[in-house]
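Notes for the one structure printed next.
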Amino acid sequence: MAQPAWEHDPQPLPLDSAPLPEYGSGSLADLLPTLAAGMGVPGMTAAISELTPADRNCVFLIDGLGWEQLKAHPEDAPFMASLLAGSRGGTGRPLTAGYPATTATSLASVGTGLPPGSHGLPGYTVRNPDTGELMNQLRWQPWTAPGPWQPYPTVFQLAHEAGVHAAQVSSPTFQNTPLTKVALSGGTFHGRLTGEERMDFAAEQLAAGDRSLVYTYYAEVDGAGHRYGIDSDTWRGQLMYVDRLVQRLAEQLPPRTALYVTADHGMIDVPFDEQHRIDFDEDWELRAGVALLGGEGRARHVYAVPGAENDVLTCWREVIGEQFWVASRAEAIEAGWFGPHIDERVHARIGDVVAAARDDVLIIASEREPKESAMVGNHGSMTPAEQLVPLLEVRT
């Protein structure tokens, strides 16, 4: 007999049911150190055991192309679909992005070879402990000195110092951004406008050294997903286009090269109704005791008024705990959400309360974040649709 609705006792999701990223063996942070170790760069560890070393390595990161979305559209991406069975060194398995599964965090993980708790970009927006303000780590607003914020060298820098030809081939827009500086600098940046130009020049850069490490990037799969959703014709058109780019690059690889196609996160579409989009700006219970709302709709950092931390945690668990994994800062750190180690400078950037969506639901903020609240496709949490990314491989 079904339990009457009025007797329903909501039980928050157990934190140990959250699917943790594979830090140290199969996350984005492990990719470049594994490739660099295979090229003899000192201090690098081959953490992804399935990968075979190559003299020349290229990483093509397609923003927003999750493993599950690629598998669901083989007819739109026939070349990449043909590589799925060989993903992650022939195992047919994906990598995990890391938490949160969002661009700034993932690009920093890729470039530094460190998980978020170490590189210190643990979200889309986080509190700057020195100013008390929210810091947007994708747009780097308000401006913050990049070096102290992320002090570690990138893998490209270490590879360049070890005599490897290191290069990034991306949109000229990104050449001088703080995020590029802290996450992807080292060697030489080459700005190229079109996808075709990037593929052709990436192949040239691979051939420019006996040992080469080249990174290239394409953003618009993610952009189409945010604006129109991953079931839209626009998104599928972008997938078709980027599939041709991958094939174009694969056909130009010089000898002794491994090309790896990956992504920073996947994505899900979230319906536009009150059940799926809970508006923080309209919900007095969720707002009570909250000084700042950070993160994004599926991966929130909640900063409490001093002294209200426990009350905010209790309230968020009661209100959304059946749909979100809701943890205190200490619990999220202990569970390993941000990696096995948290640097002291990063500790207070993490919310007093951290909320990661399990269901197809968002915590929007229609007044504070009108653009983000209007997006169709979203990401950030630890579900397979967001967390799993491909590691497709082509070798010569």
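In the structure tokens, the first chain shown is A, the next is B, and so on; residue numbers restart at 1 for each chain, and ligands run from 1 in the order shown.
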Quick one: residues within 12 Å of Thr52 in chain A, only C-alpha atoms counted, chain neighbours fewer than 5 positions away excluded, as number ranges by chain? A: 31, 34-39, 46-47, 57, 88-90, 256-260, 393-395
For range 199-212 of chain A, list every protein, DNA or RNA residue within 10 Å, evaluated using only C-alpha atoms, and leave out those in the same chain fewer than 5 positions away; present the list as a ChimeraX atom specification. /A:36,39-40,54-60,159-160,163-170,188,190-192,194,217,245-259
Which of these residues is nearest to Asp243 in chain A, using only C-alpha atoms: A:Ser328, A:Asn128, A:Asp264, A:Tyr218?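 Looking at the shortest contact to Asp243 in chain A, the residue is A:Tyr218.
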If we count only C-alpha atoms and set the cut-off at 8 Å, which residues sit around Ile342 in chain A, ignoring sequence neighbours fewer than 4 positions away in its own chain? Please answer as a ChimeraX atom specification. /A:117-118,333,338,346-347
With DSSP run on the backbone, what are the alpha helix (DSSP H) residues within range 131-216 of chain A? I'd like them as a PyMOL selection string. chain A and resi 146-149+155-161+178-183+195-207
In Å and to one decimal, CA of Thr125 in chain A is distant from CA of Gly321 in chain A by 21.9 Å
Computed interatomic separation between CA of Gly237 in chain A and CA of Pro78 in chain A (Å):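 CA of Pro78 in chain A lies 13.0 Å from CA of Gly237 in chain A.
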Just the residues within 9 Å of range 104-107 of chain A, please, counting only C-alpha atoms, with nothing from its chain fewer than 5 positions along; format it as number ranges by chain. A: 28-29, 97-99, 112, 115-116, 119-124, 137-139, 179-180, 183-184, 263-265
File dump, residues just selected, C-alpha atoms, as a compact mmCIF listing (two decimals), in the first residue's frame:
```
# COMPACT_ATOMS: atom_id res chain seq x y z
CA LEU A 28 40.88 14.97 -17.08
CA ALA A 29 43.56 16.06 -14.63
CA ALA A 97 35.70 15.41 -15.93
CA GLY A 98 36.11 16.17 -12.22
CA TYR A 99 33.79 18.13 -9.95
CA THR A 112 47.77 21.96 -14.76
CA PRO A 115 42.36 18.29 -9.50
CA PRO A 116 40.23 21.30 -8.49
CA HIS A 119 44.55 24.22 -8.81
CA GLY A 120 41.89 26.25 -7.03
CA LEU A 121 39.21 26.82 -9.67
CA PRO A 122 36.48 24.76 -7.96
CA GLY A 123 33.45 26.22 -9.70
CA TYR A 124 31.91 28.59 -12.22
CA GLN A 137 36.44 32.00 -12.97
CA LEU A 138 35.42 31.61 -16.61
CA ARG A 139 35.20 35.34 -17.36
CA LEU A 179 42.08 31.68 -17.64
CA THR A 180 44.44 30.82 -20.50
CA ALA A 183 45.43 26.93 -17.16
CA LEU A 184 46.88 26.56 -20.65
CA ALA A 263 35.76 17.27 -23.67
CA ASP A 264 35.44 19.33 -20.52
CA HIS A 265 31.96 18.09 -19.55
```
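Of the residues under consideration (A:Gly229, A:Pro100, A:Gly132, A:Gly195), A:Pro100 shows the shortest atom-to-atom contact distance to Gly295 in chain A when counting only C-alpha atoms.
Near Ala72 in chain A, within a cut-off of 12 Å and counting only C-alpha atoms, sit the residues Leu65, Gly66, Trp67, Glu68, Gln69, Leu70, Pro74, Glu75, Asp76, Ala77, Pro78, Met80, Ala81, Leu84, Ile230, Asp231, Arg236, Leu239 and Ala385 of chain A, with same-chain residues fewer than 2 positions away left out.
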If you keep all heavy atoms, can you produce a file of those selected residues as a compact mmCIF listing (two decimals), in the first residue's frame?
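Written output follows (selection26.txt):
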```txt
# COMPACT_ATOMS: atom_id res chain seq x y z
N LEU A 65 31.05 18.29 -25.27
CA LEU A 65 30.70 17.03 -25.93
C LEU A 65 30.88 15.85 -24.97
O LEU A 65 31.95 15.24 -24.90
CB LEU A 65 31.53 16.81 -27.19
CG LEU A 65 31.18 15.51 -27.96
CD1 LEU A 65 29.73 15.51 -28.40
CD2 LEU A 65 32.10 15.32 -29.14
N GLY A 66 29.85 15.54 -24.20
CA GLY A 66 29.92 14.44 -23.26
C GLY A 66 29.88 13.08 -23.94
O GLY A 66 29.42 12.93 -25.08
N TRP A 67 30.34 12.09 -23.23
CA TRP A 67 30.37 10.70 -23.68
C TRP A 67 28.97 10.21 -24.04
O TRP A 67 28.77 9.59 -25.09
CB TRP A 67 30.98 9.87 -22.56
CG TRP A 67 30.96 8.38 -22.69
CD1 TRP A 67 30.10 7.50 -22.07
CD2 TRP A 67 31.86 7.56 -23.45
NE1 TRP A 67 30.42 6.21 -22.40
CE2 TRP A 67 31.50 6.21 -23.24
CE3 TRP A 67 32.95 7.85 -24.27
CZ2 TRP A 67 32.17 5.15 -23.82
CZ3 TRP A 67 33.61 6.78 -24.86
CH2 TRP A 67 33.23 5.46 -24.64
N GLU A 68 28.01 10.46 -23.18
CA GLU A 68 26.66 9.96 -23.42
C GLU A 68 26.02 10.64 -24.62
O GLU A 68 25.29 10.00 -25.39
CB GLU A 68 25.80 10.13 -22.17
CG GLU A 68 26.21 9.22 -21.03
CD GLU A 68 25.12 8.98 -20.03
OE1 GLU A 68 24.12 9.75 -20.02
OE2 GLU A 68 25.23 8.02 -19.24
N GLN A 69 26.28 11.93 -24.81
CA GLN A 69 25.70 12.62 -25.96
C GLN A 69 26.31 12.12 -27.27
O GLN A 69 25.62 11.96 -28.28
CB GLN A 69 25.91 14.13 -25.83
CG GLN A 69 25.15 14.77 -24.68
CD GLN A 69 25.91 14.67 -23.37
OE1 GLN A 69 27.01 15.17 -23.23
NE2 GLN A 69 25.31 14.02 -22.37
N LEU A 70 27.62 11.87 -27.26
CA LEU A 70 28.26 11.35 -28.47
C LEU A 70 27.73 9.96 -28.81
O LEU A 70 27.40 9.66 -29.97
CB LEU A 70 29.77 11.31 -28.28
CG LEU A 70 30.59 10.74 -29.45
CD1 LEU A 70 30.32 11.50 -30.74
CD2 LEU A 70 32.08 10.76 -29.10
N PRO A 74 25.36 8.64 -33.14
CA PRO A 74 26.39 8.11 -34.04
C PRO A 74 26.18 8.54 -35.49
O PRO A 74 27.16 8.68 -36.23
CB PRO A 74 26.25 6.59 -33.87
CG PRO A 74 24.85 6.38 -33.41
CD PRO A 74 24.54 7.57 -32.55
N GLU A 75 24.92 8.76 -35.89
CA GLU A 75 24.67 9.12 -37.28
C GLU A 75 25.13 10.54 -37.58
O GLU A 75 25.43 10.88 -38.73
CB GLU A 75 23.17 8.97 -37.60
CG GLU A 75 22.24 9.98 -36.94
CD GLU A 75 22.03 9.75 -35.44
OE1 GLU A 75 22.45 8.70 -34.91
OE2 GLU A 75 21.45 10.65 -34.79
N ASP A 76 25.20 11.41 -36.55
CA ASP A 76 25.65 12.78 -36.75
C ASP A 76 27.16 12.92 -36.64
O ASP A 76 27.72 13.93 -37.07
CB ASP A 76 24.99 13.71 -35.73
CG ASP A 76 23.47 13.75 -35.88
OD1 ASP A 76 23.01 13.77 -37.04
OD2 ASP A 76 22.76 13.74 -34.86
N ALA A 77 27.82 11.95 -36.05
CA ALA A 77 29.27 12.00 -35.85
C ALA A 77 29.88 10.65 -36.19
O ALA A 77 30.44 9.98 -35.33
CB ALA A 77 29.59 12.40 -34.41
N PRO A 78 29.79 10.24 -37.46
CA PRO A 78 30.22 8.88 -37.81
C PRO A 78 31.71 8.63 -37.57
O PRO A 78 32.09 7.53 -37.17
CB PRO A 78 29.86 8.75 -39.29
CG PRO A 78 29.72 10.17 -39.78
CD PRO A 78 29.22 10.96 -38.62
N MET A 80 33.80 10.09 -35.26
CA MET A 80 34.05 9.93 -33.82
C MET A 80 33.38 8.67 -33.29
O MET A 80 33.94 7.97 -32.44
CB MET A 80 33.60 11.16 -33.05
CG MET A 80 34.53 12.34 -33.21
SD MET A 80 34.19 13.69 -32.05
CE MET A 80 32.71 14.40 -32.78
N ALA A 81 32.19 8.37 -33.79
CA ALA A 81 31.51 7.14 -33.34
C ALA A 81 32.33 5.90 -33.67
O ALA A 81 32.34 4.94 -32.90
CB ALA A 81 30.12 7.04 -33.97
N LEU A 84 34.75 5.17 -30.81
CA LEU A 84 34.25 4.98 -29.45
C LEU A 84 34.78 3.70 -28.80
O LEU A 84 35.15 3.69 -27.62
CB LEU A 84 32.72 4.97 -29.43
CG LEU A 84 32.04 6.33 -29.46
CD1 LEU A 84 30.55 6.17 -29.75
CD2 LEU A 84 32.25 7.08 -28.14
N ILE A 230 20.49 19.91 -26.30
CA ILE A 230 21.21 18.85 -26.99
C ILE A 230 20.30 17.98 -27.85
O ILE A 230 20.77 17.02 -28.47
CB ILE A 230 22.00 17.97 -25.99
CG1 ILE A 230 21.06 17.40 -24.91
CG2 ILE A 230 23.13 18.75 -25.36
CD1 ILE A 230 21.72 16.40 -24.00
N ASP A 231 19.02 18.32 -27.90
CA ASP A 231 18.10 17.65 -28.84
C ASP A 231 17.77 18.54 -30.04
O ASP A 231 16.93 18.20 -30.86
CB ASP A 231 16.79 17.26 -28.13
CG ASP A 231 16.94 15.98 -27.34
OD1 ASP A 231 17.79 15.16 -27.72
OD2 ASP A 231 16.21 15.81 -26.35
N ARG A 236 22.94 19.42 -33.19
CA ARG A 236 23.36 18.31 -34.06
C ARG A 236 24.18 18.81 -35.24
O ARG A 236 25.13 18.14 -35.68
CB ARG A 236 22.14 17.52 -34.54
CG ARG A 236 21.56 16.61 -33.46
CD ARG A 236 20.55 15.64 -34.04
NE ARG A 236 19.34 16.32 -34.47
CZ ARG A 236 18.28 16.54 -33.69
NH1 ARG A 236 18.30 16.13 -32.43
NH2 ARG A 236 17.22 17.16 -34.14
N LEU A 239 27.61 19.21 -33.98
CA LEU A 239 28.24 17.90 -33.83
C LEU A 239 28.73 17.38 -35.18
O LEU A 239 29.84 16.85 -35.28
CB LEU A 239 27.25 16.92 -33.18
CG LEU A 239 27.76 15.50 -32.96
CD1 LEU A 239 29.00 15.50 -32.06
CD2 LEU A 239 26.66 14.63 -32.36
N ALA A 385 25.77 11.85 -17.44
CA ALA A 385 25.56 12.71 -18.61
C ALA A 385 26.45 13.94 -18.58
O ALA A 385 26.81 14.48 -19.63
CB ALA A 385 24.09 13.14 -18.68
```
As a list in words, which residues of range 217-264 of chain A does DSSP assign to strand (DSSP E or B)?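 Of range 217-264 of chain A, the ones in strand (DSSP E or B) are Tyr217, Tyr218, Thr257, Ala258, Leu259, Tyr260, Val261 and Thr262 of chain A.
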May I have the residues from that selection written out with N, CA, C and O atoms, as a tab-separated table (two decimals), in the first residue's frame?
```tsv
chain	number	residue	atom	x	y	z
A	217	TYR	N	41.18	23.46	-29.59
A	217	TYR	CA	39.91	23.64	-28.86
A	217	TYR	C	38.82	24.12	-29.80
A	217	TYR	O	39.08	24.90	-30.72
A	218	TYR	N	37.59	23.66	-29.52
A	218	TYR	CA	36.42	24.15	-30.26
A	218	TYR	C	35.28	24.33	-29.28
A	218	TYR	O	34.97	23.43	-28.49
A	257	THR	N	52.50	9.97	-33.87
A	257	THR	CA	51.57	10.88	-33.19
A	257	THR	C	50.40	10.12	-32.59
A	257	THR	O	49.90	9.16	-33.19
A	258	ALA	N	49.96	10.58	-31.41
A	258	ALA	CA	48.69	10.15	-30.83
A	258	ALA	C	47.79	11.37	-30.70
A	258	ALA	O	48.17	12.36	-30.07
A	259	LEU	N	46.63	11.31	-31.33
A	259	LEU	CA	45.60	12.34	-31.20
A	259	LEU	C	44.56	11.85	-30.20
A	259	LEU	O	44.06	10.73	-30.32
A	260	TYR	N	44.25	12.69	-29.21
A	260	TYR	CA	43.22	12.37	-28.22
A	260	TYR	C	42.11	13.42	-28.30
A	260	TYR	O	42.39	14.62	-28.15
A	261	VAL	N	40.89	12.98	-28.55
A	261	VAL	CA	39.73	13.86	-28.60
A	261	VAL	C	38.96	13.69	-27.30
A	261	VAL	O	38.54	12.58	-26.96
A	262	THR	N	38.78	14.80	-26.59
A	262	THR	CA	38.09	14.72	-25.31
A	262	THR	C	37.20	15.94	-25.15
A	262	THR	O	36.96	16.70	-26.10
```
Minimum-distance residue to Ile62 in chain A, chosen among A:Met375, A:Val361, A:Leu391, A:Leu158 (using only C-alpha atoms):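 Of the candidates, the smallest distance to Ile62 in chain A is held by A:Leu391.
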Pick from A:Leu362, A:Ala145, A:Leu51, A:Ala219: nearest to Ser171 in chain A, with only C-alpha atoms counted? A:Ala219
Between A:Val214, A:Val41, A:Met240, A:Arg277, which has the minimum distance to Ala374 in chain A (counting only C-alpha atoms)?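 When distances to Ala374 in chain A are compared using only C-alpha atoms, the smallest one comes from A:Arg277.
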Test item: residues at most 9 Å from Leu293 in chain A, only C-alpha atoms, excluding those fewer than 4 positions along its chain, as a short mmCIF file (atom, residue, chain, number, x, y, z; two decimals) with N, CA and C atoms, in the first residue's frame:
```
data_model
loop_
_atom_site.label_atom_id
_atom_site.label_comp_id
_atom_site.auth_asym_id
_atom_site.auth_seq_id
_atom_site.Cartn_x
_atom_site.Cartn_y
_atom_site.Cartn_z
N THR A 125 31.39 30.15 -10.41
CA THR A 125 31.65 31.32 -9.57
C THR A 125 31.91 30.82 -8.15
N VAL A 126 32.93 31.40 -7.51
CA VAL A 126 33.25 31.04 -6.13
C VAL A 126 33.59 32.33 -5.37
N ARG A 127 33.53 32.23 -4.06
CA ARG A 127 33.87 33.40 -3.24
C ARG A 127 35.38 33.58 -3.18
N LEU A 134 31.95 37.34 -5.08
CA LEU A 134 31.93 36.21 -6.00
C LEU A 134 32.87 36.48 -7.16
N PHE A 280 15.97 30.31 -6.72
CA PHE A 280 16.52 30.79 -5.46
C PHE A 280 16.00 32.18 -5.12
N ARG A 287 16.87 30.97 0.57
CA ARG A 287 17.62 32.22 0.76
C ARG A 287 17.99 32.49 2.21
N ARG A 300 26.05 24.01 -6.99
CA ARG A 300 26.01 25.26 -6.23
C ARG A 300 27.01 25.28 -5.08
N HIS A 301 27.67 26.44 -4.94
CA HIS A 301 28.39 26.80 -3.73
C HIS A 301 27.52 27.80 -2.97
N VAL A 302 27.21 27.49 -1.72
CA VAL A 302 26.34 28.34 -0.92
C VAL A 302 27.15 28.88 0.25
N TYR A 303 27.26 30.20 0.33
CA TYR A 303 28.05 30.83 1.38
C TYR A 303 27.11 31.46 2.39
N ALA A 304 27.19 30.98 3.61
CA ALA A 304 26.24 31.38 4.65
C ALA A 304 26.69 32.65 5.36
N GLY A 351 32.01 26.38 -1.04
CA GLY A 351 30.86 26.85 -0.28
C GLY A 351 30.77 26.23 1.11
N ALA A 365 18.65 31.36 -10.50
CA ALA A 365 18.52 32.63 -9.78
C ALA A 365 18.11 33.65 -10.83
#
```
Quick one: residues within 12 Å of Glu309 in chain A, only C-alpha atoms counted, chain neighbours fewer than 2 positions away excluded, as a VMD selection string? chain A and resid 288 to 291 302 to 307 311 to 316 327 to 330 351 to 354
How many Å lie between CA of Gln157 in chain A and CA of Ser109 in chain A, rounded to one decimal?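 Between CA of Gln157 in chain A and CA of Ser109 in chain A the gap is 14.4 Å.
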